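Below is one structure; the comments refer to it alone.
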Amino acid sequence: MAIVVSGACGGRSDRTPSVEPVVPSACTGACGGKSGSAPKAEPAIQVACVPTVANVMPAVKALDGAMFSFCVTAESTPYCFTADLEARTLTASPAAMDTGGPEHHLILEDGPTKASIEESRNGKGLTVCTADKATCHDLPIAAASMNEHPMAVSDDATLVVIDKRIDRRNGVEKAPGRIETWDATTGKKLATFQAKYGRDDLRMEDVPRRGILAFLGHTVLAFTEPGCALPCSSATMYSVQGKYLGMLAADPTASTATHFHDSLYVLHSYGPPGALTVQDAATGKSVQLDAEPSWDAFVTRDRIVRVVGSWGATASPPRVQVWGPDLTLVTEIVIPSCAPGAGS
């Protein structure tokens, strides 16, 4: 059964219960002394707590079943831990091998799971294929459209969207566009409708912008890629039948969208750490997990695991959080702290 997210865009989830954080009984004795079990070659200090300094940056490392490995860097020194998410315990560990963290990809960029769209071998249309090329479909769309019109294909290579309107002024896509959606499995057109490329309130008429179409699951995203250095774009969401579903809850040019389950996606913006948002691509409704500063997270079909918070002026100690499939906070483990300089 699909879980439909309730609440307004950016609002808190009313279903989130108060969870008593688990505070490990650490930081006894010297608090910060080196452990003789730490390999000499490891640069991290194996301690049971982290100094409370302002410059703290958690780094997610690995999730293996119930075991969650991560490091917290305080003033360039990594302090690494392993959390047992089932036992709700936290132990110090040698520096975890850097696996590059979770595999997230910007909405704007092609990732390894993206389907492809290219000119057919006979030169008379387009062919879409899954990422592994195991399944391909031909479409009666002129091959020249690839260079003339914004278009996109869903990750499962079953849907294609194309803007057949050509109306550019000073390099800027003018809205609305004339959108066509196609069922790639049957080669038939599904709908034709007008669509806006994000909001009209950017007021950047003199900045060249490229119109971009993309899919979030089976939902169409329409946005522009402004020629500015900072994230400054927004995306409108449409069903393949042309129903307006609202705005994407993150900047599409500087965010990742990771599939959670059913039609739910976890959105995470790059740049300054921000709260994670879960959005239902089928309805457009979204829920912000909380207002905590958040770093990268591991997303599986049954949970979201992340490290949130920071020390120093914010007075919000980093914690490991586990969110369930119904977006309830089920586990929270506080990372023990020490006085500055205790780990040196």
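Chain lettering (A, B, ...) mirrors the order of the structure tokens, residue numbering begins at 1 for each chain separately, and ligand numbering begins at 1 in order of display.
Summary of the local environment: counting only C-alpha atoms, residues at most 12 Å from Asp183 (chain A), other than itself and those fewer than 4 positions away along its chain, are Val128, His137, Asp138, Leu139, Pro140, Ile141, Val153, Ser154, Asp156, Ala157, Thr158, Leu159, Val160, Val161, Ile162, Gly187, Lys188, Lys189, Leu190, Ala191, His218, Val240 and Gln241 of chain A.
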Nearby residues (only C-alpha atoms) at most 12 Å from Trp323 (chain A), same-chain spacing under 4 positions excluded, as a PDB file with N, CA and C atoms, in the first residue's frame:
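Contents of the output file selection_27.pdb:
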ATOM      1  N   SER A  13       5.954  16.978   9.908  1.00  0.00           N
ATOM      2  CA  SER A  13       5.027  15.848   9.862  1.00  0.00           C
ATOM      3  C   SER A  13       4.341  15.730  11.218  1.00  0.00           C
ATOM      4  N   ARG A  15       2.931  13.306  12.288  1.00  0.00           N
ATOM      5  CA  ARG A  15       3.003  11.934  12.792  1.00  0.00           C
ATOM      6  C   ARG A  15       4.318  11.643  13.496  1.00  0.00           C
ATOM      7  N   THR A  16       5.206  12.625  13.561  1.00  0.00           N
ATOM      8  CA  THR A  16       6.508  12.392  14.170  1.00  0.00           C
ATOM      9  C   THR A  16       6.391  12.413  15.686  1.00  0.00           C
ATOM     10  N   PRO A  17       6.615  11.305  16.363  1.00  0.00           N
ATOM     11  CA  PRO A  17       6.486  11.279  17.814  1.00  0.00           C
ATOM     12  C   PRO A  17       7.751  11.790  18.468  1.00  0.00           C
ATOM     13  N   VAL A  19      10.845  11.179  20.519  1.00  0.00           N
ATOM     14  CA  VAL A  19      11.660  10.006  20.802  1.00  0.00           C
ATOM     15  C   VAL A  19      12.755  10.407  21.773  1.00  0.00           C
ATOM     16  N   LEU A  85      22.023   0.045  15.052  1.00  0.00           N
ATOM     17  CA  LEU A  85      20.719   0.676  14.998  1.00  0.00           C
ATOM     18  C   LEU A  85      19.630  -0.142  15.672  1.00  0.00           C
ATOM     19  N   PHE A 260      12.739   6.569  -2.078  1.00  0.00           N
ATOM     20  CA  PHE A 260      12.528   5.969  -0.765  1.00  0.00           C
ATOM     21  C   PHE A 260      11.699   4.690  -0.949  1.00  0.00           C
ATOM     22  N   VAL A 266      13.422  11.247  -1.304  1.00  0.00           N
ATOM     23  CA  VAL A 266      14.120  12.076  -0.330  1.00  0.00           C
ATOM     24  C   VAL A 266      14.918  13.118  -1.102  1.00  0.00           C
ATOM     25  N   LEU A 276      16.364  17.580   5.443  1.00  0.00           N
ATOM     26  CA  LEU A 276      15.898  16.698   4.381  1.00  0.00           C
ATOM     27  C   LEU A 276      14.388  16.841   4.222  1.00  0.00           C
ATOM     28  N   VAL A 278      10.964  14.956   2.325  1.00  0.00           N
ATOM     29  CA  VAL A 278      10.413  13.798   1.623  1.00  0.00           C
ATOM     30  C   VAL A 278       9.203  14.279   0.839  1.00  0.00           C
ATOM     31  N   LEU A 289      11.509  16.612   7.340  1.00  0.00           N
ATOM     32  CA  LEU A 289      11.660  15.740   8.511  1.00  0.00           C
ATOM     33  C   LEU A 289      11.781  16.554   9.792  1.00  0.00           C
ATOM     34  N   ASP A 290      12.649  17.565   9.801  1.00  0.00           N
ATOM     35  CA  ASP A 290      12.758  18.492  10.913  1.00  0.00           C
ATOM     36  C   ASP A 290      13.626  19.651  10.452  1.00  0.00           C
ATOM     37  N   ALA A 297      22.580  11.234   3.734  1.00  0.00           N
ATOM     38  CA  ALA A 297      21.835  10.177   4.413  1.00  0.00           C
ATOM     39  C   ALA A 297      21.822   8.919   3.569  1.00  0.00           C
ATOM     40  N   PHE A 298      21.678   7.771   4.255  1.00  0.00           N
ATOM     41  CA  PHE A 298      21.460   6.499   3.572  1.00  0.00           C
ATOM     42  C   PHE A 298      19.950   6.269   3.508  1.00  0.00           C
ATOM     43  N   VAL A 299      19.466   5.921   2.334  1.00  0.00           N
ATOM     44  CA  VAL A 299      18.037   5.714   2.124  1.00  0.00           C
ATOM     45  C   VAL A 299      17.819   4.298   1.617  1.00  0.00           C
ATOM     46  N   THR A 300      17.050   3.512   2.365  1.00  0.00           N
ATOM     47  CA  THR A 300      16.634   2.184   1.935  1.00  0.00           C
ATOM     48  C   THR A 300      15.113   2.187   1.863  1.00  0.00           C
ATOM     49  N   ARG A 301      14.526   1.071   1.447  1.00  0.00           N
ATOM     50  CA  ARG A 301      13.069   1.027   1.306  1.00  0.00           C
ATOM     51  C   ARG A 301      12.351   1.093   2.658  1.00  0.00           C
ATOM     52  N   ASP A 302      13.042   0.801   3.756  1.00  0.00           N
ATOM     53  CA  ASP A 302      12.356   0.777   5.044  1.00  0.00           C
ATOM     54  C   ASP A 302      12.882   1.781   6.060  1.00  0.00           C
ATOM     55  N   ARG A 303      13.871   2.612   5.682  1.00  0.00           N
ATOM     56  CA  ARG A 303      14.355   3.594   6.648  1.00  0.00           C
ATOM     57  C   ARG A 303      15.267   4.623   5.995  1.00  0.00           C
ATOM     58  N   ILE A 304      15.403   5.748   6.708  1.00  0.00           N
ATOM     59  CA  ILE A 304      16.363   6.802   6.348  1.00  0.00           C
ATOM     60  C   ILE A 304      17.304   6.948   7.535  1.00  0.00           C
ATOM     61  N   VAL A 305      18.598   6.798   7.295  1.00  0.00           N
ATOM     62  CA  VAL A 305      19.592   6.885   8.364  1.00  0.00           C
ATOM     63  C   VAL A 305      20.488   8.080   8.079  1.00  0.00           C
ATOM     64  N   ARG A 306      20.667   8.942   9.062  1.00  0.00           N
ATOM     65  CA  ARG A 306      21.472  10.145   8.839  1.00  0.00           C
ATOM     66  C   ARG A 306      22.083  10.633  10.142  1.00  0.00           C
ATOM     67  N   VAL A 307      22.997  11.591  10.029  1.00  0.00           N
ATOM     68  CA  VAL A 307      23.590  12.280  11.169  1.00  0.00           C
ATOM     69  C   VAL A 307      23.177  13.736  11.064  1.00  0.00           C
ATOM     70  N   LEU A 327       7.641   7.733   7.992  1.00  0.00           N
ATOM     71  CA  LEU A 327       8.207   9.031   8.362  1.00  0.00           C
ATOM     72  C   LEU A 327       8.063   9.347   9.845  1.00  0.00           C
ATOM     73  N   THR A 328       8.161   8.321  10.681  1.00  0.00           N
ATOM     74  CA  THR A 328       8.237   8.523  12.118  1.00  0.00           C
ATOM     75  C   THR A 328       9.680   8.338  12.557  1.00  0.00           C
ATOM     76  N   LEU A 329      10.114   9.142  13.533  1.00  0.00           N
ATOM     77  CA  LEU A 329      11.451   9.033  14.084  1.00  0.00           C
ATOM     78  C   LEU A 329      11.462   7.859  15.064  1.00  0.00           C
ATOM     79  N   VAL A 330      12.182   6.779  14.716  1.00  0.00           N
ATOM     80  CA  VAL A 330      12.135   5.566  15.524  1.00  0.00           C
ATOM     81  C   VAL A 330      13.359   5.410  16.421  1.00  0.00           C
ATOM     82  N   THR A 331      14.475   6.016  16.056  1.00  0.00           N
ATOM     83  CA  THR A 331      15.690   5.896  16.861  1.00  0.00           C
ATOM     84  C   THR A 331      16.491   7.182  16.771  1.00  0.00           C
ATOM     85  N   GLU A 332      17.048   7.599  17.910  1.00  0.00           N
ATOM     86  CA  GLU A 332      17.945   8.752  17.949  1.00  0.00           C
ATOM     87  C   GLU A 332      19.034   8.480  18.978  1.00  0.00           C
TER      88      GLU A 332
END
| Got a sec to tell me which of region 208-249 of chain A DSSP assigns to strand (DSSP E or B), as a PyMOL selection string? | chain A and resi 209-216+219-226+235-238+244-247
May I have the selected residues written with C-alpha atoms, as a short mmCIF file (atom, residue, chain, number, x, y, z; two decimals), in the first residue's frame?
data_model
loop_
_atom_site.label_atom_id
_atom_site.label_comp_id
_atom_site.auth_asym_id
_atom_site.auth_seq_id
_atom_site.Cartn_x
_atom_site.Cartn_y
_atom_site.Cartn_z
CA ARG A 209 18.35 30.08 -19.32
CA ARG A 210 17.97 26.64 -20.81
CA GLY A 211 14.63 24.87 -20.51
CA ILE A 212 15.00 21.41 -18.98
CA LEU A 213 12.57 18.51 -18.64
CA ALA A 214 13.15 15.60 -16.26
CA PHE A 215 11.29 12.80 -14.51
CA LEU A 216 10.89 12.16 -10.79
CA THR A 219 6.16 12.69 -12.69
CA VAL A 220 7.32 15.36 -15.14
CA LEU A 221 9.58 18.19 -13.88
CA ALA A 222 9.95 21.41 -15.89
CA PHE A 223 12.59 23.97 -14.87
CA THR A 224 15.31 26.23 -16.22
CA GLU A 225 19.03 26.21 -15.61
CA PRO A 226 19.94 29.83 -14.92
CA ALA A 235 10.62 23.19 -10.88
CA THR A 236 6.95 22.70 -11.63
CA MET A 237 5.54 19.17 -11.37
CA TYR A 238 3.01 17.58 -13.74
CA TYR A 244 -0.34 20.35 -12.24
CA LEU A 245 0.98 18.85 -8.97
CA GLY A 246 2.72 21.86 -7.44
CA MET A 247 6.37 22.81 -7.02
#
| remark: The residue from A:Thr186, A:Thr91, A:Ser233, A:Thr52 with the smallest atom-to-atom distance to Ser255 (chain A), counting only C-alpha atoms, is A:Ser233
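If you count only C-alpha atoms and ignore residues fewer than 6 places along the chain from Ala83 (chain A), what sits within 9 Å of it is A:Ala66, A:Met67, A:Phe68, A:Ser69, A:Phe70, A:Thr89, A:Leu90, A:Thr91, A:Ala92, A:Val320, A:Ile333.
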With C-alpha atoms retained, export the selected residues as an mmCIF file, in the first residue's frame.
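Generated file (again_23.cif):
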data_model
loop_
_atom_site.group_PDB
_atom_site.id
_atom_site.type_symbol
_atom_site.label_atom_id
_atom_site.label_comp_id
_atom_site.auth_asym_id
_atom_site.auth_seq_id
_atom_site.Cartn_x
_atom_site.Cartn_y
_atom_site.Cartn_z
ATOM 1 C CA ALA A 66 21.942 -2.592 11.279
ATOM 2 C CA MET A 67 25.551 -1.375 11.539
ATOM 3 C CA PHE A 68 26.025 2.292 10.615
ATOM 4 C CA SER A 69 29.602 3.601 10.365
ATOM 5 C CA PHE A 70 30.409 7.305 10.290
ATOM 6 C CA THR A 89 24.300 1.535 20.963
ATOM 7 C CA LEU A 90 27.282 3.580 19.854
ATOM 8 C CA THR A 91 30.923 2.495 20.046
ATOM 9 C CA ALA A 92 34.147 4.174 19.023
ATOM 10 C CA VAL A 320 22.275 9.498 14.612
ATOM 11 C CA ILE A 333 21.424 8.214 19.415
#
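The two atoms in question, CA of Val334 (chain A) and CA of Gln321 (chain A), are spaced 8.8 Å apart.
The closest residue to Ser93 (chain A), picked from A:Thr253, A:Lys114, A:Cys49, A:Lys196 and counting only C-alpha atoms, is A:Cys49.
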| Residues flagged alpha helix (DSSP H) by DSSP in region 117-304 of chain A, as a ChimeraX atom specification | /A:145-148
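Our summary of the geometry notes that CA of Ser337 (chain A) is positioned 7.8 Å from CA of Pro317 (chain A).
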| said: Taking 2 positions as the minimum chain separation for residues in the same chain, which residues sit within 8 Å of region 117-121 of chain A when counting only C-alpha atoms? Answer as number ranges by chain. | reply: A: 115, 123-129, 138, 143, 146, 152-153
| field | Top pick for closest residue to Val50 (chain A), considering A:Asp251, A:Glu75, A:Asp326, A:Asp84 and counting only C-alpha atoms | value | A:Glu75
